[in-house]
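What follows is the content of my_file-v6.cif (mmCIF, C-alpha atoms and all ligand atoms).
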```
data_protein
#
loop_
_atom_site.label_atom_id
_atom_site.label_comp_id
_atom_site.auth_asym_id
_atom_site.auth_seq_id
_atom_site.Cartn_x
_atom_site.Cartn_y
_atom_site.Cartn_z
CA MET O 483 8.15 -11.89 -33.19
CA SER O 484 9.46 -14.35 -30.66
CA SER O 485 12.65 -13.61 -28.77
CA THR O 486 14.90 -15.52 -26.42
CA LYS O 487 16.10 -12.35 -24.70
CA PRO O 488 14.75 -11.82 -21.17
CA GLU O 489 14.43 -8.04 -21.65
CA THR O 490 12.06 -8.60 -24.58
CA ILE O 491 10.23 -11.63 -23.17
CA VAL O 492 9.08 -9.81 -20.03
CA LEU O 493 7.45 -7.12 -22.18
CA HIS O 494 6.05 -9.11 -25.08
CA ALA O 495 5.70 -12.85 -24.52
CA GLY O 496 2.15 -14.18 -24.49
CA TYR O 497 0.30 -10.98 -25.37
CA ARG O 498 -0.19 -8.52 -28.21
CA ALA O 499 -2.84 -5.75 -28.27
CA GLU O 500 -6.10 -7.36 -27.17
CA PRO O 501 -8.16 -7.61 -30.40
CA THR O 502 -11.45 -5.99 -29.33
CA THR O 503 -10.05 -2.85 -27.66
CA GLY O 504 -6.43 -2.70 -28.84
CA SER O 505 -5.30 -2.39 -25.21
CA VAL O 506 -1.51 -2.35 -25.08
CA ALA O 507 -1.31 -3.08 -21.36
CA VAL O 508 -2.28 -6.64 -20.45
CA PRO O 509 -5.90 -6.32 -19.27
CA LEU O 510 -6.99 -7.42 -15.83
CA TYR O 511 -9.68 -10.04 -16.43
CA GLN O 512 -11.26 -9.84 -13.01
CA THR O 513 -13.91 -12.46 -13.73
CA THR O 514 -14.78 -15.79 -12.20
CA SER O 515 -16.38 -17.38 -15.25
CA TYR O 516 -16.66 -17.32 -19.05
CA GLN O 517 -19.78 -17.64 -21.18
CA PHE O 518 -19.86 -20.78 -23.35
CA ARG O 519 -20.90 -20.26 -26.98
CA ASP O 520 -23.33 -23.19 -26.82
CA THR O 521 -23.66 -26.61 -25.19
CA GLN O 522 -21.27 -28.25 -27.68
CA HIS O 523 -18.59 -25.65 -26.92
CA ALA O 524 -19.07 -26.25 -23.18
CA ALA O 525 -18.89 -30.03 -23.63
CA ASP O 526 -15.69 -29.76 -25.74
CA LEU O 527 -14.00 -27.56 -23.14
CA PHE O 528 -14.84 -29.94 -20.31
CA ALA O 529 -13.66 -32.92 -22.36
CA LEU O 530 -10.39 -31.09 -23.17
CA LYS O 531 -11.22 -31.47 -26.89
CA GLU O 532 -10.81 -27.72 -27.13
CA LEU O 533 -8.67 -25.57 -24.85
CA GLY O 534 -10.37 -22.50 -23.47
CA ASN O 535 -11.60 -20.66 -20.44
CA ILE O 536 -14.05 -22.40 -18.11
CA TYR O 537 -13.66 -20.94 -14.63
CA THR O 538 -10.97 -18.78 -13.00
CA ARG O 539 -10.03 -21.44 -10.42
CA LEU O 540 -8.67 -23.36 -13.42
CA MET O 541 -7.49 -20.65 -15.79
CA ASN O 542 -7.77 -16.93 -16.46
CA PRO O 543 -6.53 -14.79 -19.39
CA THR O 544 -4.49 -12.46 -17.14
CA ASN O 545 -2.93 -15.42 -15.34
CA ASP O 546 -2.30 -16.94 -18.76
CA VAL O 547 -0.06 -14.06 -19.87
CA LEU O 548 1.97 -14.35 -16.68
CA GLU O 549 2.24 -18.10 -17.25
CA GLN O 550 3.44 -17.64 -20.83
CA ARG O 551 5.97 -14.98 -19.82
CA VAL O 552 7.54 -17.00 -17.02
CA ALA O 553 7.57 -20.15 -19.19
CA ALA O 554 9.28 -18.20 -21.99
CA LEU O 555 11.79 -16.64 -19.61
CA ASP O 556 12.88 -20.07 -18.40
CA GLY O 557 12.67 -21.87 -21.73
CA GLY O 558 9.76 -24.02 -20.47
CA ALA O 559 6.87 -25.54 -22.41
CA ALA O 560 4.07 -24.38 -20.08
CA ALA O 561 3.47 -22.89 -16.65
CA VAL O 562 0.70 -22.76 -14.08
CA ALA O 563 0.27 -19.68 -11.88
CA LEU O 564 -0.76 -20.35 -8.29
CA ALA O 565 -1.79 -18.48 -5.15
CA SER O 566 1.65 -18.45 -3.54
CA GLY O 567 5.15 -19.87 -3.69
CA GLN O 568 4.12 -22.37 -1.02
CA ALA O 569 1.26 -23.56 -3.23
CA ALA O 570 3.77 -23.91 -6.08
CA SER O 571 6.18 -26.12 -4.13
CA THR O 572 3.28 -28.17 -2.74
CA PHE O 573 1.71 -28.75 -6.17
CA ALA O 574 5.05 -29.35 -7.88
CA VAL O 575 5.52 -32.40 -5.67
CA LEU O 576 1.92 -33.59 -5.23
CA ASN O 577 1.52 -33.68 -9.00
CA ILE O 578 3.76 -36.77 -9.15
CA ALA O 579 3.97 -38.15 -5.58
CA GLN O 580 1.32 -39.81 -3.45
CA ALA O 581 1.14 -41.59 -0.09
CA GLY O 582 3.85 -44.26 0.11
CA ASP O 583 6.18 -42.37 -2.25
CA ASN O 584 9.23 -40.30 -1.39
CA ILE O 585 11.24 -37.40 -2.77
CA VAL O 586 14.88 -36.54 -2.09
CA SER O 587 15.36 -32.88 -1.21
CA SER O 588 18.38 -30.71 -0.60
CA THR O 589 18.85 -29.86 3.08
CA ASP O 590 19.31 -26.19 2.09
CA LEU O 591 15.74 -24.95 1.92
CA TYR O 592 13.54 -21.98 2.72
CA GLY O 593 12.04 -22.61 6.20
CA GLY O 594 8.46 -22.73 4.90
CA THR O 595 9.41 -25.44 2.43
CA TRP O 596 11.27 -27.30 5.17
CA ASN O 597 8.13 -27.36 7.34
CA LEU O 598 6.00 -28.46 4.40
CA PHE O 599 8.39 -31.31 3.64
CA ALA O 600 9.27 -32.42 7.18
CA ASN O 601 5.77 -32.19 8.65
CA THR O 602 2.84 -31.69 6.27
CA PHE O 603 4.02 -34.08 3.55
CA LYS O 604 4.86 -36.59 6.27
CA GLN O 605 1.26 -36.36 7.51
CA MET O 606 0.15 -37.02 3.94
CA GLY O 607 2.30 -40.17 3.75
CA ILE O 608 4.97 -38.67 1.48
CA GLU O 609 8.45 -39.13 2.87
CA VAL O 610 11.04 -36.45 2.24
CA ARG O 611 14.65 -37.63 2.48
CA PHE O 612 17.14 -34.85 2.99
CA ALA O 613 20.43 -34.87 1.09
CA ASP O 614 23.42 -32.62 1.75
CA PRO O 615 24.11 -31.01 -1.67
CA ALA O 616 27.83 -30.65 -0.91
CA ASP O 617 28.10 -34.11 -2.49
CA PRO O 618 25.60 -34.56 -5.35
CA GLU O 619 25.97 -38.35 -5.04
CA ASN O 620 23.99 -38.10 -1.78
CA PHE O 621 20.90 -37.80 -4.01
CA ARG O 622 21.65 -41.10 -5.70
CA ARG O 623 22.31 -42.80 -2.36
CA LEU O 624 18.93 -41.79 -0.94
CA ALA O 625 16.85 -42.61 -4.04
CA ASP O 626 14.94 -45.84 -4.58
CA ASP O 627 12.14 -47.07 -6.83
CA LYS O 628 9.60 -45.01 -4.84
CA THR O 629 11.48 -41.75 -5.41
CA ARG O 630 9.38 -39.39 -7.53
CA ALA O 631 11.55 -36.26 -7.60
CA PHE O 632 14.72 -34.52 -6.54
CA TYR O 633 14.08 -31.06 -5.09
CA ALA O 634 16.38 -28.08 -4.47
CA GLU O 635 16.73 -24.29 -4.42
CA THR O 636 19.15 -22.58 -6.80
CA LEU O 637 20.47 -20.05 -4.28
CA PRO O 638 19.26 -21.02 -0.81
CA ASN O 639 19.68 -18.74 2.14
CA PRO O 640 21.18 -18.51 4.74
CA LYS O 641 24.21 -20.40 3.34
CA LEU O 642 23.87 -18.95 -0.17
CA GLN O 643 25.74 -21.85 -1.73
CA VAL O 644 24.53 -22.48 -5.26
CA PHE O 645 22.99 -25.92 -5.81
CA PRO O 646 24.80 -28.34 -8.19
CA ILE O 647 21.93 -28.36 -10.69
CA ARG O 648 23.58 -30.21 -13.59
CA GLU O 649 25.31 -32.73 -11.34
CA VAL O 650 22.04 -33.78 -9.64
CA ALA O 651 19.98 -33.54 -12.85
CA ASP O 652 22.43 -36.00 -14.45
CA ILE O 653 21.95 -38.44 -11.56
CA GLY O 654 18.20 -38.01 -12.07
CA ASP O 655 18.66 -38.79 -15.77
CA ASP O 656 20.40 -42.06 -14.88
CA LEU O 657 17.59 -43.07 -12.54
CA GLY O 658 14.58 -41.57 -14.33
CA ILE O 659 13.92 -38.96 -11.63
CA PRO O 660 13.07 -35.31 -12.48
CA LEU O 661 14.75 -32.42 -10.68
CA ILE O 662 12.44 -29.69 -9.35
CA VAL O 663 14.24 -26.39 -8.76
CA ASP O 664 12.95 -23.46 -6.71
CA ASN O 665 14.54 -20.54 -8.57
CA THR O 666 12.89 -17.82 -6.47
CA ALA O 667 16.19 -16.15 -5.53
CA ALA O 668 17.75 -16.23 -9.00
CA PRO O 669 15.31 -15.41 -11.81
CA VAL O 670 17.05 -14.31 -15.06
CA ILE O 671 20.54 -14.91 -13.60
CA CYS O 672 19.92 -18.67 -13.59
CA LYS O 673 17.90 -20.74 -16.06
CA PRO O 674 17.66 -24.14 -14.34
CA ILE O 675 16.12 -25.87 -17.37
CA ASP O 676 19.27 -25.10 -19.37
CA HIS O 677 21.19 -27.05 -16.73
CA GLY O 678 18.92 -30.10 -16.78
CA ALA O 679 16.10 -29.25 -14.33
CA SER O 680 12.74 -30.69 -15.40
CA ILE O 681 10.48 -28.46 -13.33
CA VAL O 682 11.13 -24.92 -12.09
CA MET O 683 9.05 -23.10 -9.52
CA TYR O 684 8.98 -19.60 -8.08
CA SER O 685 7.51 -17.57 -5.35
CA THR O 686 6.62 -14.66 -7.68
CA THR O 687 6.06 -12.68 -4.48
CA LYS O 688 9.79 -11.88 -4.51
CA PHE O 689 11.97 -10.72 -7.42
CA ILE O 690 9.55 -11.54 -10.25
CA ALA O 691 6.96 -9.06 -8.93
CA GLY O 692 9.56 -6.93 -7.13
CA HIS O 693 7.15 -4.32 -5.79
CA GLY O 694 6.11 -6.36 -2.77
CA THR O 695 2.37 -5.92 -3.32
CA SER O 696 1.27 -9.39 -4.38
CA VAL O 697 1.77 -12.93 -3.14
CA GLY O 698 1.95 -15.51 -5.91
CA GLY O 699 3.66 -18.63 -7.16
CA ILE O 700 4.23 -20.43 -10.43
CA VAL O 701 5.29 -23.89 -11.62
CA VAL O 702 7.09 -24.20 -14.99
CA ASP O 703 7.09 -27.49 -16.89
CA SER O 704 10.21 -27.83 -19.07
CA GLY O 705 8.37 -30.32 -21.28
CA LYS O 706 11.65 -32.24 -21.43
CA PHE O 707 11.15 -35.05 -18.94
CA ASP O 708 10.11 -38.32 -20.57
CA TRP O 709 7.29 -39.42 -18.24
CA GLU O 710 6.27 -42.28 -20.54
CA LYS O 711 9.75 -43.78 -20.58
CA HIS O 712 9.55 -44.04 -16.79
CA ALA O 713 5.90 -45.07 -16.70
CA LYS O 714 6.31 -47.36 -13.69
CA ARG O 715 7.75 -44.56 -11.59
CA PHE O 716 5.01 -42.12 -12.57
CA PRO O 717 1.63 -43.88 -12.43
CA LEU O 718 -0.15 -40.57 -11.79
CA LEU O 719 0.78 -39.47 -15.32
CA ASN O 720 0.69 -42.84 -17.07
CA GLU O 721 -2.31 -44.69 -15.67
CA PRO O 722 -5.98 -43.84 -16.22
CA ASP O 723 -7.05 -40.98 -13.96
CA PRO O 724 -10.40 -41.90 -12.40
CA SER O 725 -11.06 -38.23 -11.65
CA TYR O 726 -10.87 -37.39 -15.36
CA HIS O 727 -12.98 -40.09 -17.02
CA GLY O 728 -10.00 -42.43 -17.18
CA ALA O 729 -7.70 -40.07 -19.09
CA VAL O 730 -4.03 -41.05 -19.26
CA TRP O 731 -2.32 -37.66 -19.05
CA THR O 732 0.71 -38.51 -21.18
CA GLU O 733 -1.66 -39.74 -23.91
CA ALA O 734 -4.34 -37.06 -23.57
CA VAL O 735 -1.97 -34.13 -24.11
CA LYS O 736 -0.20 -35.49 -27.18
CA PRO O 737 -2.06 -33.21 -29.62
CA ILE O 738 -1.05 -30.16 -27.54
CA GLY O 739 2.62 -30.89 -26.82
CA PRO O 740 4.90 -32.29 -24.12
CA VAL O 741 2.95 -30.71 -21.29
CA ALA O 742 1.40 -33.67 -19.45
CA TYR O 743 2.81 -32.49 -16.12
CA ALA O 744 1.46 -28.91 -16.44
CA ILE O 745 -1.95 -29.93 -17.76
CA LYS O 746 -2.44 -32.56 -15.07
CA LEU O 747 -1.44 -30.08 -12.37
CA ARG O 748 -4.04 -27.62 -13.65
CA CYS O 749 -6.81 -30.11 -14.34
CA THR O 750 -6.55 -32.07 -11.09
CA LEU O 751 -4.70 -30.23 -8.30
CA LEU O 752 -5.95 -26.75 -9.16
CA ARG O 753 -9.44 -28.10 -9.69
CA ASP O 754 -9.47 -30.07 -6.44
CA VAL O 755 -7.29 -28.09 -4.04
CA GLY O 756 -7.98 -24.69 -5.56
CA ALA O 757 -4.88 -22.64 -4.71
CA ALA O 758 -5.61 -20.42 -7.74
CA ALA O 759 -3.68 -17.25 -8.53
CA SER O 760 -5.77 -14.12 -8.09
CA PRO O 761 -5.99 -12.36 -11.50
CA PHE O 762 -5.45 -9.06 -9.70
CA ASN O 763 -2.18 -10.34 -8.21
CA SER O 764 -1.13 -11.68 -11.62
CA PHE O 765 -1.90 -8.26 -13.16
CA GLN O 766 0.33 -6.63 -10.55
CA THR O 767 3.01 -9.27 -11.02
CA ILE O 768 3.01 -8.67 -14.78
CA GLN O 769 3.65 -4.94 -14.15
CA GLY O 770 6.57 -5.75 -11.88
CA MET O 771 7.98 -8.40 -14.16
CA GLU O 772 8.35 -5.90 -17.02
CA THR O 773 11.47 -4.54 -15.29
CA LEU O 774 12.80 -7.81 -13.85
CA PRO O 775 15.99 -8.13 -15.97
CA LEU O 776 16.90 -4.48 -15.31
CA ARG O 777 16.20 -4.82 -11.63
CA MET O 778 18.24 -8.01 -11.30
CA GLU O 779 21.23 -6.20 -12.78
CA ARG O 780 21.03 -3.44 -10.20
CA HIS O 781 20.22 -5.80 -7.32
CA CYS O 782 23.35 -7.82 -8.14
CA GLU O 783 25.56 -4.77 -8.69
CA ASN O 784 24.52 -3.19 -5.38
CA ALA O 785 24.86 -6.49 -3.50
CA LEU O 786 28.42 -6.95 -4.74
CA LYS O 787 29.35 -3.49 -3.45
CA VAL O 788 27.67 -4.19 -0.09
CA ALA O 789 29.53 -7.51 0.23
CA ASP O 790 32.86 -5.72 -0.29
CA PHE O 791 31.91 -2.97 2.14
CA LEU O 792 30.91 -5.46 4.85
CA ALA O 793 34.01 -7.59 4.31
CA SER O 794 36.22 -4.65 5.25
CA HIS O 795 34.12 -3.52 8.24
CA PRO O 796 35.79 -4.11 11.64
CA LYS O 797 32.59 -5.29 13.36
CA VAL O 798 31.85 -7.91 10.70
CA THR O 799 33.49 -11.31 11.18
CA LYS O 800 32.12 -13.03 8.11
CA VAL O 801 30.27 -12.16 4.89
CA ILE O 802 28.08 -14.83 3.31
CA HIS O 803 27.75 -14.04 -0.40
CA PRO O 804 28.85 -16.03 -3.47
CA SER O 805 31.57 -13.43 -4.19
CA LYS O 806 33.22 -14.32 -0.88
CA GLN O 807 33.17 -18.08 -1.41
CA ASP O 808 36.00 -20.22 -2.69
CA GLY O 809 36.55 -23.79 -3.83
CA GLU O 810 33.56 -25.83 -4.97
CA ALA O 811 30.96 -23.30 -3.75
CA ARG O 812 32.53 -20.56 -5.85
CA ARG O 813 32.86 -22.85 -8.85
CA ARG O 814 29.14 -23.62 -8.68
CA ALA O 815 28.24 -19.93 -8.34
CA ASP O 816 30.30 -19.11 -11.43
CA LYS O 817 28.86 -22.05 -13.35
CA TYR O 818 25.17 -21.45 -12.62
CA LEU O 819 24.77 -17.70 -12.06
CA LYS O 820 25.21 -15.47 -15.10
CA GLY O 821 25.13 -11.69 -15.07
CA GLY O 822 25.27 -11.38 -11.29
CA LEU O 823 25.45 -13.27 -8.02
CA GLY O 824 22.06 -12.36 -6.62
CA SER O 825 20.93 -9.78 -4.08
CA LEU O 826 20.88 -11.95 -0.97
CA MET O 827 23.64 -11.97 1.58
CA GLY O 828 24.35 -12.65 5.19
CA PHE O 829 26.95 -11.34 7.57
CA GLU O 830 28.01 -12.17 11.09
CA LEU O 831 28.53 -9.56 13.76
CA ALA O 832 31.31 -10.01 16.30
CA GLY O 833 28.90 -8.95 19.05
CA GLY O 834 26.54 -11.90 18.52
CA LYS O 835 22.81 -11.74 19.24
CA ASP O 836 22.87 -8.45 21.09
CA ALA O 837 24.73 -6.74 18.25
CA GLY O 838 22.39 -8.32 15.69
CA GLU O 839 19.34 -6.92 17.45
CA LYS O 840 20.92 -3.47 17.89
CA PHE O 841 21.87 -3.39 14.23
CA ILE O 842 18.34 -4.25 13.07
CA ASN O 843 16.72 -1.76 15.45
CA SER O 844 19.00 1.02 14.17
CA LEU O 845 18.20 0.66 10.46
CA GLU O 846 16.49 3.64 8.85
CA LEU O 847 16.40 2.85 5.13
CA PHE O 848 16.34 -0.95 5.20
CA TYR O 849 12.97 -2.46 6.10
CA HIS O 850 12.92 -5.04 8.88
CA VAL O 851 10.75 -7.75 7.29
CA ALA O 852 10.48 -11.49 6.70
CA ASN O 853 10.77 -11.12 2.95
CA ILE O 854 13.33 -11.10 0.17
CA GLY O 855 13.48 -9.80 -3.37
CA ASP O 856 11.71 -6.48 -2.89
CA THR O 857 12.95 -3.40 -4.78
CA ARG O 858 13.64 -1.94 -1.33
CA SER O 859 16.53 -3.17 0.82
CA LEU O 860 15.40 -5.58 3.52
CA ALA O 861 16.99 -7.02 6.65
CA ILE O 862 16.21 -9.56 9.34
CA HIS O 863 17.95 -11.19 12.31
CA PRO O 864 17.09 -14.88 11.75
CA ALA O 865 18.19 -16.13 15.21
CA THR O 866 15.36 -14.18 16.85
CA THR O 867 12.77 -14.55 14.04
CA THR O 868 12.68 -17.00 11.12
CA HIS O 869 14.96 -19.53 12.86
CA SER O 870 13.88 -18.96 16.48
CA GLN O 871 11.70 -22.09 16.61
CA LEU O 872 14.58 -24.40 15.72
CA SER O 873 16.73 -26.15 18.32
CA GLU O 874 20.05 -24.38 18.75
CA GLU O 875 21.79 -27.31 17.08
CA ASP O 876 19.52 -27.22 14.01
CA ARG O 877 19.76 -23.44 13.78
CA LEU O 878 23.56 -23.47 13.88
CA SER O 879 23.81 -26.31 11.38
CA SER O 880 21.53 -24.36 9.01
CA GLY O 881 24.15 -21.59 9.09
CA VAL O 882 22.33 -19.13 11.37
CA THR O 883 24.71 -18.09 14.13
CA ASP O 884 23.63 -15.67 16.92
CA GLY O 885 25.12 -12.67 15.14
CA TYR O 886 23.90 -13.60 11.63
CA VAL O 887 22.00 -10.86 9.79
CA ARG O 888 20.30 -11.52 6.45
CA LEU O 889 20.08 -8.79 3.85
CA SER O 890 18.18 -8.57 0.58
CA ILE O 891 19.81 -5.69 -1.22
CA GLY O 892 17.43 -3.40 -3.09
CA ILE O 893 17.82 -1.06 -6.01
CA GLU O 894 18.16 2.21 -4.08
CA HIS O 895 21.27 4.33 -4.75
CA ILE O 896 24.29 2.47 -3.41
CA ASP O 897 25.47 5.52 -1.41
CA ASP O 898 22.24 5.51 0.61
CA ILE O 899 22.39 1.75 1.18
CA LEU O 900 25.97 1.98 2.46
CA ALA O 901 25.15 5.03 4.58
CA ASP O 902 22.34 3.19 6.36
CA LEU O 903 24.51 0.13 6.95
CA THR O 904 27.32 2.34 8.27
CA GLN O 905 25.18 4.15 10.82
CA ALA O 906 23.46 0.92 11.99
CA LEU O 907 26.82 -0.88 12.32
CA ASP O 908 28.13 2.03 14.38
CA LYS O 909 25.38 1.35 16.91
CA ALA O 910 25.65 -2.45 16.86
N1 LIG H 1 10.60 -20.42 -1.89
C1 LIG H 1 11.48 -19.52 -1.42
C2 LIG H 1 12.93 -19.66 -1.79
C3 LIG H 1 11.06 -18.48 -0.61
O1 LIG H 1 11.94 -17.58 -0.16
C4 LIG H 1 9.68 -18.37 -0.28
C5 LIG H 1 9.19 -17.30 0.60
O2 LIG H 1 9.93 -16.64 1.30
C6 LIG H 1 8.80 -19.34 -0.78
C7 LIG H 1 9.29 -20.34 -1.59
C8 LIG H 1 7.34 -19.31 -0.45
O3 LIG H 1 6.73 -18.30 -1.20
P1 LIG H 1 5.40 -17.53 -0.77
O4 LIG H 1 5.74 -16.71 0.43
O5 LIG H 1 5.04 -16.75 -1.98
O6 LIG H 1 4.39 -18.58 -0.43
#
```
Represent the structure from my file as structure tokens, please.
Ligand code: PLP
Amino acid sequence: MSSTKPETIVLHAGYRAEPTTGSVAVPLYQTTSYQFRDTQHAADLFALKELGNIYTRLMNPTNDVLEQRVAALDGGAAAVALASGQAASTFAVLNIAQAGDNIVSSTDLYGGTWNLFANTFKQMGIEVRFADPADPENFRRLADDKTRAFYAETLPNPKLQVFPIREVADIGDDLGIPLIVDNTAAPVICKPIDHGASIVMYSTTKFIAGHGTSVGGIVVDSGKFDWEKHAKRFPLLNEPDPSYHGAVWTEAVKPIGPVAYAIKLRCTLLRDVGAAASPFNSFQTIQGMETLPLRMERHCENALKVADFLASHPKVTKVIHPSKQDGEARRRADKYLKGGLGSLMGFELAGGKDAGEKFINSLELFYHVANIGDTRSLAIHPATTTHSQLSEEDRLSSGVTDGYVRLSIGIEHIDDILADLTQALDKA
């Protein structure tokens, strides 16, 4: 039975009692390789005449269940699991852009993605043009005939202003440019494909796994972008691929479905660069993902209560959370987030840097870590950690003031979360 409900998808999509043993839990296929039935079978697999397992760098049955579950959750046609969220954002772009090309990205990005875009892609000859998402038309202004993608995060911290997904996807539709959305901070509560995104990616390390044991990433292909219609813009998908005996990806996948982007990513980038998901990590991620919709509910509920608590605290000058926004930012949060406003928030302490450090050093329940999306509540003082390498000007324009503290609210009892915040604020 197929379902469109997240609560059911995370438990059932892509797997039903393994036929030889009847195992109800998704098995961990901790294997590197798969025996071919005979030479014809091997030849057919390599020629993509038959789909099947060859080698775990390319595919693995445990990874496959995770891929099917995340694709189903987002309404995508296919997904490829990868070693990390960073590998996912790298591959999502490299799959369609090469030296001499550019992408237009939102300025509001996770710092690791910012470095990848501003430095590593630049070294590879891919230019990243940064657009302020406050005005979606900035994406159109920066695009040209070498633009291969628009890129953004649904709910980027530290500003936590929801990205105008539909507005920018519509501009992409006009120009023939797909929108890639990093939905790491908003699984379940936002379905970017429903709002026009062509590709969705996640660091599964965060909410999707939840338990904080396993680094991973995934790229979801909506199957909705018409790569053939824009053949000139996407030669990597529409011209013969010399690394795959001249296959044209949009042609080669026709018998399978509209999954040229996902298949090419797997057959070329995974094969060549090799940032494969560990089956063990995927096994762990599948366990965590079984409770994702339930966890998101509690994350969001607790975060809302924390935002209200902080807003009325005398030492707090500002709370950064969608519930405290107004105008266009609030409109976008209400339009794109359903069933909750996420678990991330920031707040500013009147006492600046000194107060921020004292607050962090006084926490007893919250963990002081460079992570988000764990079941446990997490905190960090970005000015002295994640954003300490930036110039003061860049740090302040990214939204990180001296007294800014970032929280990722967990699913502990709300009384204990508020008690820890209260005692740490007393000392700040
Ligand atoms: N995207 C976002 C929004 C993130 O927060 C992170 C990590 O913090 C990443 C991507 C990178 O993911 P990973 O750490 O799994 O490589």
Surroundings of ligand LIG 1 (chain H) up to 6 Å, based on only C-alpha atoms and all ligand atoms, as a list of chain:residue names
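So, counting only C-alpha atoms and all ligand atoms, the residues near ligand LIG 1 (chain H) are O:Ser566, O:Gly567, O:Gln568, O:Tyr592, O:Thr666, O:Ser685, O:Thr687, O:Val697, O:Gly698, O:Gly699, O:Asn853.
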Give me, as a PDB file with C-alpha atoms, in the coordinates of the input, all polymer residues having an atom no more than 12 Å from Asp546 (chain O), counting all atoms listed in the file and skipping those fewer than 3 positions away in the same chain.
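Writing the result to out.pdb gives the following:
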```pdb
ATOM      1  CA  ALA O 495       5.700 -12.850 -24.520  1.00  0.00           C
ATOM      2  CA  GLY O 496       2.150 -14.180 -24.490  1.00  0.00           C
ATOM      3  CA  TYR O 497       0.300 -10.980 -25.370  1.00  0.00           C
ATOM      4  CA  VAL O 508      -2.280  -6.640 -20.450  1.00  0.00           C
ATOM      5  CA  PRO O 509      -5.900  -6.320 -19.270  1.00  0.00           C
ATOM      6  CA  LEU O 510      -6.990  -7.420 -15.830  1.00  0.00           C
ATOM      7  CA  TYR O 511      -9.680 -10.040 -16.430  1.00  0.00           C
ATOM      8  CA  GLY O 534     -10.370 -22.500 -23.470  1.00  0.00           C
ATOM      9  CA  ASN O 535     -11.600 -20.660 -20.440  1.00  0.00           C
ATOM     10  CA  THR O 538     -10.970 -18.780 -13.000  1.00  0.00           C
ATOM     11  CA  LEU O 540      -8.670 -23.360 -13.420  1.00  0.00           C
ATOM     12  CA  MET O 541      -7.490 -20.650 -15.790  1.00  0.00           C
ATOM     13  CA  ASN O 542      -7.770 -16.930 -16.460  1.00  0.00           C
ATOM     14  CA  PRO O 543      -6.530 -14.790 -19.390  1.00  0.00           C
ATOM     15  CA  GLU O 549       2.240 -18.100 -17.250  1.00  0.00           C
ATOM     16  CA  GLN O 550       3.440 -17.640 -20.830  1.00  0.00           C
ATOM     17  CA  ARG O 551       5.970 -14.980 -19.820  1.00  0.00           C
ATOM     18  CA  VAL O 552       7.540 -17.000 -17.020  1.00  0.00           C
ATOM     19  CA  ALA O 553       7.570 -20.150 -19.190  1.00  0.00           C
ATOM     20  CA  ALA O 560       4.070 -24.380 -20.080  1.00  0.00           C
ATOM     21  CA  ALA O 561       3.470 -22.890 -16.650  1.00  0.00           C
ATOM     22  CA  VAL O 562       0.700 -22.760 -14.080  1.00  0.00           C
ATOM     23  CA  ALA O 563       0.270 -19.680 -11.880  1.00  0.00           C
ATOM     24  CA  LEU O 564      -0.760 -20.350  -8.290  1.00  0.00           C
ATOM     25  CA  ILE O 700       4.230 -20.430 -10.430  1.00  0.00           C
ATOM     26  CA  ARG O 748      -4.040 -27.620 -13.650  1.00  0.00           C
ATOM     27  CA  ALA O 759      -3.680 -17.250  -8.530  1.00  0.00           C
ATOM     28  CA  SER O 760      -5.770 -14.120  -8.090  1.00  0.00           C
ATOM     29  CA  PRO O 761      -5.990 -12.360 -11.500  1.00  0.00           C
ATOM     30  CA  SER O 764      -1.130 -11.680 -11.620  1.00  0.00           C
ATOM     31  CA  PHE O 765      -1.900  -8.260 -13.160  1.00  0.00           C
ATOM     32  CA  ILE O 768       3.010  -8.670 -14.780  1.00  0.00           C
TER      33      ILE O 768
END
```
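One finds CA of Phe689 (chain O) at 28.9 Å from CA of Asp754 (chain O).
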May I ask for the distance between CA of Val663 (chain O) and CA of Ile675 (chain O), given in Å to one decimal place?
8.8 Å
Please list as a ChimeraX atom specification every residue within 10 Å of Asp627 (chain O), counting all atoms listed in the file and excluding residues in the same chain fewer than 4 positions away.
/O:583-584,657-659,714-715
Using C-alpha atoms, can you write the selected residues to a file as a PDB file, in the frame of the given file?
```pdb
ATOM      1  CA  ASP O 583       6.180 -42.370  -2.250  1.00  0.00           C
ATOM      2  CA  ASN O 584       9.230 -40.300  -1.390  1.00  0.00           C
ATOM      3  CA  LEU O 657      17.590 -43.070 -12.540  1.00  0.00           C
ATOM      4  CA  GLY O 658      14.580 -41.570 -14.330  1.00  0.00           C
ATOM      5  CA  ILE O 659      13.920 -38.960 -11.630  1.00  0.00           C
ATOM      6  CA  LYS O 714       6.310 -47.360 -13.690  1.00  0.00           C
ATOM      7  CA  ARG O 715       7.750 -44.560 -11.590  1.00  0.00           C
TER       8      ARG O 715
END
```
Here's a test: counting only C-alpha atoms, identify every protein, DNA and RNA residue with an atom at most 9 Å from (-0.5, -5.2, -23.1) in the file's coordinate frame, and state them as a short mmCIF file (atom, residue, chain, number, x, y, z; two decimals) with C-alpha atoms, in the coordinates of the input.
```cif
data_model
loop_
_atom_site.label_atom_id
_atom_site.label_comp_id
_atom_site.auth_asym_id
_atom_site.auth_seq_id
_atom_site.Cartn_x
_atom_site.Cartn_y
_atom_site.Cartn_z
CA LEU O 493 7.45 -7.12 -22.18
CA HIS O 494 6.05 -9.11 -25.08
CA TYR O 497 0.30 -10.98 -25.37
CA ARG O 498 -0.19 -8.52 -28.21
CA ALA O 499 -2.84 -5.75 -28.27
CA GLU O 500 -6.10 -7.36 -27.17
CA GLY O 504 -6.43 -2.70 -28.84
CA SER O 505 -5.30 -2.39 -25.21
CA VAL O 506 -1.51 -2.35 -25.08
CA ALA O 507 -1.31 -3.08 -21.36
CA VAL O 508 -2.28 -6.64 -20.45
CA PRO O 509 -5.90 -6.32 -19.27
#
```
